[in-house]
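Engineer: So that we are looking at the same thing, I have put the structure below in structure tokens.
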Amino acid sequence: MGKQFPALEKKHIKFIQAQKLFFVGTAAQDGRVNVSPKGMDSFRVLDANTVAWLNLTGSGNETSAHVQQLPRMTLMMCSFEGAPVILRMYGTATVRHQGDRDWDRHIELFPQLPGSRQVFVLKIDLVQTSCGYGVPLFDYVGDRDGLNKWAEKKGDRGIQKYWTKNNQVSLDGQPTEILERSGIEERPSKLPFF
């Protein structure tokens with residue numbers, strides 16, 4: 001049976017801290033709905049109504065485009081071992097880019113990972129838990145290292161070229177502001193990562 005809460009309770013935070021995977025759901029006013037899996041020690045609980053997560057460079061940048069147009073976001077975690085639980089956090093999201101004045105305050109919450117692109121902050125207005133009886137059991141083996149190796153190999157300049165080519169607009173043509181809000185010109189020599 002599903003239960004609803006106005007904020008994260010201690011048991012929810014404990015559950016969140018044990019998870020290795022979460023899912024992000026966003027949508028603009030029109031166009032496609034995006035759902036993305038995330039991992040790699042990229043999630044933080046800031047308080048009972050605020051969480052943040054680190055967005056690493058990927059093939060697209062849907063979440064940024066969606067949030068800047070319509071800031072609703074759903075985050076979901078589910079247990080793949082132990083008691084069956086699904087936890088969803090609903091709320092209003094903001095995106096922090098490298099050029100934003102509060103970038104440093106948010107990026108230092110996370111380990112330094114190559115290709116760090118944005119930090120999303122979600123102000124939670126509803127937490128919902130449900131049973132998760134239909135979620136299969138899996139064993140956690142470890143994090144993949146392919147994304148870090150790829151970003152390290154590309155280096156700052158290569159990541160910037162990748163952002164320029166692949167991350168400036170969503171699948172539906174909506175702007176992500178990745179270059180403008182990161183303080184990056186179209187052809188700078190260096191990205192301001194850390």
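Order determines the names: the first chain of the structure tokens is A, the second B, and so forth; residues in each chain are numbered 1 upward, and ligands are numbered 1 upward as they are shown.
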With a distance cut-off of 7 Å and only C-alpha atoms, select the neighbouring residues of Cys78 of chain A, excluding the residue or stretch itself and same-chain residues fewer than 6 positions from it, and output the selection as a list in words.

Structural biologist: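 Listed by chain and then number, they are Val85, Ile86 and Leu87 of chain A.
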
Engineer: Take the residues from that selection and put them in a file with N, CA and C atoms, as a compact mmCIF listing (two decimals), in the first residue's frame.

Structural biologist:
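What landed in part-v6.txt:
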# COMPACT_ATOMS: atom_id res chain seq x y z
N VAL A 85 10.89 -2.08 -1.49
CA VAL A 85 10.50 -0.68 -1.27
C VAL A 85 10.73 0.11 -2.55
N ILE A 86 9.78 0.97 -2.90
CA ILE A 86 9.98 1.98 -3.94
C ILE A 86 9.75 3.32 -3.25
N LEU A 87 10.67 4.26 -3.46
CA LEU A 87 10.55 5.60 -2.89
C LEU A 87 10.64 6.61 -4.02

Engineer: List as a list of chain:residue names the protein and nucleic acid residues near Leu147 of chain A, meaning an atom at most 10 Å away when only C-alpha atoms are counted, but skip any in the same chain fewer than 2 places from it.

Structural biologist: A:Met40, A:Leu56, A:Thr57, A:Gly58, A:Leu113, A:Pro114, A:Gly115, A:Arg144, A:Asp145, A:Lys149, A:Trp150, A:Ala151, A:Glu152, A:Lys153

Engineer: Selected residues, N, CA and C atoms, written as a PDB file, in the first residue's frame, please.

Structural biologist:
ATOM      1  N   MET A  40      26.961   6.144  -9.301  1.00  0.00           N
ATOM      2  CA  MET A  40      28.307   6.678  -9.084  1.00  0.00           C
ATOM      3  C   MET A  40      28.412   7.704  -7.949  1.00  0.00           C
ATOM      4  N   LEU A  56      26.579  13.905 -14.777  1.00  0.00           N
ATOM      5  CA  LEU A  56      27.819  13.726 -15.531  1.00  0.00           C
ATOM      6  C   LEU A  56      27.537  13.797 -17.024  1.00  0.00           C
ATOM      7  N   THR A  57      28.566  14.073 -17.796  1.00  0.00           N
ATOM      8  CA  THR A  57      28.412  14.179 -19.243  1.00  0.00           C
ATOM      9  C   THR A  57      27.875  12.877 -19.809  1.00  0.00           C
ATOM     10  N   GLY A  58      26.866  12.996 -20.661  1.00  0.00           N
ATOM     11  CA  GLY A  58      26.259  11.831 -21.290  1.00  0.00           C
ATOM     12  C   GLY A  58      25.884  12.131 -22.718  1.00  0.00           C
ATOM     13  N   LEU A 113      34.559  14.086 -10.079  1.00  0.00           N
ATOM     14  CA  LEU A 113      34.423  13.110 -11.154  1.00  0.00           C
ATOM     15  C   LEU A 113      34.637  13.818 -12.492  1.00  0.00           C
ATOM     16  N   PRO A 114      35.410  13.212 -13.384  1.00  0.00           N
ATOM     17  CA  PRO A 114      35.635  13.849 -14.683  1.00  0.00           C
ATOM     18  C   PRO A 114      34.340  13.948 -15.464  1.00  0.00           C
ATOM     19  N   GLY A 115      34.166  15.043 -16.179  1.00  0.00           N
ATOM     20  CA  GLY A 115      32.965  15.233 -16.976  1.00  0.00           C
ATOM     21  C   GLY A 115      31.771  15.723 -16.186  1.00  0.00           C
ATOM     22  N   ARG A 144      30.397   0.863 -12.653  1.00  0.00           N
ATOM     23  CA  ARG A 144      31.158   0.798 -13.906  1.00  0.00           C
ATOM     24  C   ARG A 144      32.151   1.956 -13.921  1.00  0.00           C
ATOM     25  N   ASP A 145      33.281   1.753 -14.549  1.00  0.00           N
ATOM     26  CA  ASP A 145      34.275   2.825 -14.621  1.00  0.00           C
ATOM     27  C   ASP A 145      34.426   3.399 -16.027  1.00  0.00           C
ATOM     28  N   LYS A 149      36.601   6.781 -17.321  1.00  0.00           N
ATOM     29  CA  LYS A 149      37.728   6.572 -18.240  1.00  0.00           C
ATOM     30  C   LYS A 149      37.528   7.357 -19.536  1.00  0.00           C
ATOM     31  N   TRP A 150      36.292   7.341 -20.046  1.00  0.00           N
ATOM     32  CA  TRP A 150      35.978   8.077 -21.272  1.00  0.00           C
ATOM     33  C   TRP A 150      36.231   9.568 -21.083  1.00  0.00           C
ATOM     34  N   ALA A 151      35.725  10.140 -19.977  1.00  0.00           N
ATOM     35  CA  ALA A 151      35.881  11.576 -19.719  1.00  0.00           C
ATOM     36  C   ALA A 151      37.345  11.943 -19.477  1.00  0.00           C
ATOM     37  N   GLU A 152      38.072  11.111 -18.753  1.00  0.00           N
ATOM     38  CA  GLU A 152      39.495  11.384 -18.527  1.00  0.00           C
ATOM     39  C   GLU A 152      40.271  11.362 -19.842  1.00  0.00           C
ATOM     40  N   LYS A 153      39.954  10.408 -20.696  1.00  0.00           N
ATOM     41  CA  LYS A 153      40.628  10.310 -21.995  1.00  0.00           C
ATOM     42  C   LYS A 153      40.327  11.530 -22.869  1.00  0.00           C
TER      43      LYS A 153
END

Engineer: Please extract the residues of segment 3-166 of chain A with a backbone DSSP assignment of strand (DSSP E or B) and present them as a ChimeraX atom specification.

Structural biologist: /A:3-5,22-27,33-38,43-47,50-56,72-78,86-97,116-130

Engineer: I need the helix (DSSP H, G or I) residues of segment 25-150 of chain A per DSSP on the backbone, written as a list in words.

Structural biologist: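 Here are the helix (DSSP H, G or I) residues of segment 25-150 of chain A: Glu62, Thr63, Ser64, Ala65, His66, Val67, Gln68, Gln69, Trp103, Asp104, Arg105, His106, Ile107, Gly146, Leu147, Asn148, Lys149 and Trp150 of chain A.
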
Engineer: Output C-alpha atoms for every residue in the selection just made, as a PDB file, in the first residue's frame.

Structural biologist:
ATOM      1  CA  GLU A  62      17.393  16.234 -21.699  1.00  0.00           C
ATOM      2  CA  THR A  63      17.045  16.915 -17.983  1.00  0.00           C
ATOM      3  CA  SER A  64      18.655  20.348 -18.192  1.00  0.00           C
ATOM      4  CA  ALA A  65      16.489  21.432 -21.118  1.00  0.00           C
ATOM      5  CA  HIS A  66      13.322  20.174 -19.435  1.00  0.00           C
ATOM      6  CA  VAL A  67      13.977  21.699 -16.010  1.00  0.00           C
ATOM      7  CA  GLN A  68      14.774  25.121 -17.461  1.00  0.00           C
ATOM      8  CA  GLN A  69      11.430  25.085 -19.277  1.00  0.00           C
ATOM      9  CA  TRP A 103      28.271  26.200  -8.422  1.00  0.00           C
ATOM     10  CA  ASP A 104      31.208  25.810  -6.017  1.00  0.00           C
ATOM     11  CA  ARG A 105      28.909  25.364  -3.019  1.00  0.00           C
ATOM     12  CA  HIS A 106      27.051  22.539  -4.769  1.00  0.00           C
ATOM     13  CA  ILE A 107      29.874  20.752  -6.597  1.00  0.00           C
ATOM     14  CA  GLY A 146      33.707   3.370 -18.346  1.00  0.00           C
ATOM     15  CA  LEU A 147      32.257   6.888 -18.051  1.00  0.00           C
ATOM     16  CA  ASN A 148      35.147   8.126 -15.910  1.00  0.00           C
ATOM     17  CA  LYS A 149      37.728   6.572 -18.240  1.00  0.00           C
ATOM     18  CA  TRP A 150      35.978   8.077 -21.272  1.00  0.00           C
TER      19      TRP A 150
END

Engineer: Name all residues at most 7 Å from segment 79-84 of chain A (count only C-alpha atoms; drop same-chain ones fewer than 5 positions away) and give them as a list in words.

Structural biologist: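 So, after excluding close chain neighbours, the residues are Cys131, Gly132, Tyr133, Val135, Pro136, Leu137, Phe138 and Asp139 of chain A.
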
Engineer: What does the file look like for those residues with N, CA and C atoms, as a tab-separated table (two decimals), in the first residue's frame?

Structural biologist:
chain	number	residue	atom	x	y	z
A	131	CYS	N	5.24	-0.63	-2.16
A	131	CYS	CA	5.79	-1.93	-1.77
A	131	CYS	C	6.95	-2.42	-2.63
A	132	GLY	N	6.90	-2.26	-3.91
A	132	GLY	CA	7.97	-2.78	-4.75
A	132	GLY	C	7.99	-4.28	-4.90
A	133	TYR	N	6.85	-4.95	-4.69
A	133	TYR	CA	6.80	-6.40	-4.82
A	133	TYR	C	7.16	-6.88	-6.23
A	135	VAL	N	9.48	-5.55	-8.17
A	135	VAL	CA	10.87	-5.24	-8.51
A	135	VAL	C	11.73	-6.49	-8.26
A	136	PRO	N	12.51	-6.94	-9.24
A	136	PRO	CA	13.31	-8.15	-9.06
A	136	PRO	C	14.46	-7.94	-8.07
A	137	LEU	N	15.00	-9.03	-7.58
A	137	LEU	CA	16.16	-9.01	-6.71
A	137	LEU	C	17.43	-9.04	-7.56
A	138	PHE	N	18.39	-8.16	-7.22
A	138	PHE	CA	19.68	-8.12	-7.89
A	138	PHE	C	20.76	-7.94	-6.83
A	139	ASP	N	21.96	-8.41	-7.13
A	139	ASP	CA	23.10	-8.17	-6.25
A	139	ASP	C	23.94	-7.05	-6.84

Engineer: Determine the nearest neighbour of Val169 of chain A from the options A:Gly99, A:Gly39, A:Gly60, A:Pro71, counting only C-alpha atoms.

Structural biologist: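 Looking at the shortest contact to Val169 of chain A, the residue is A:Gly60.
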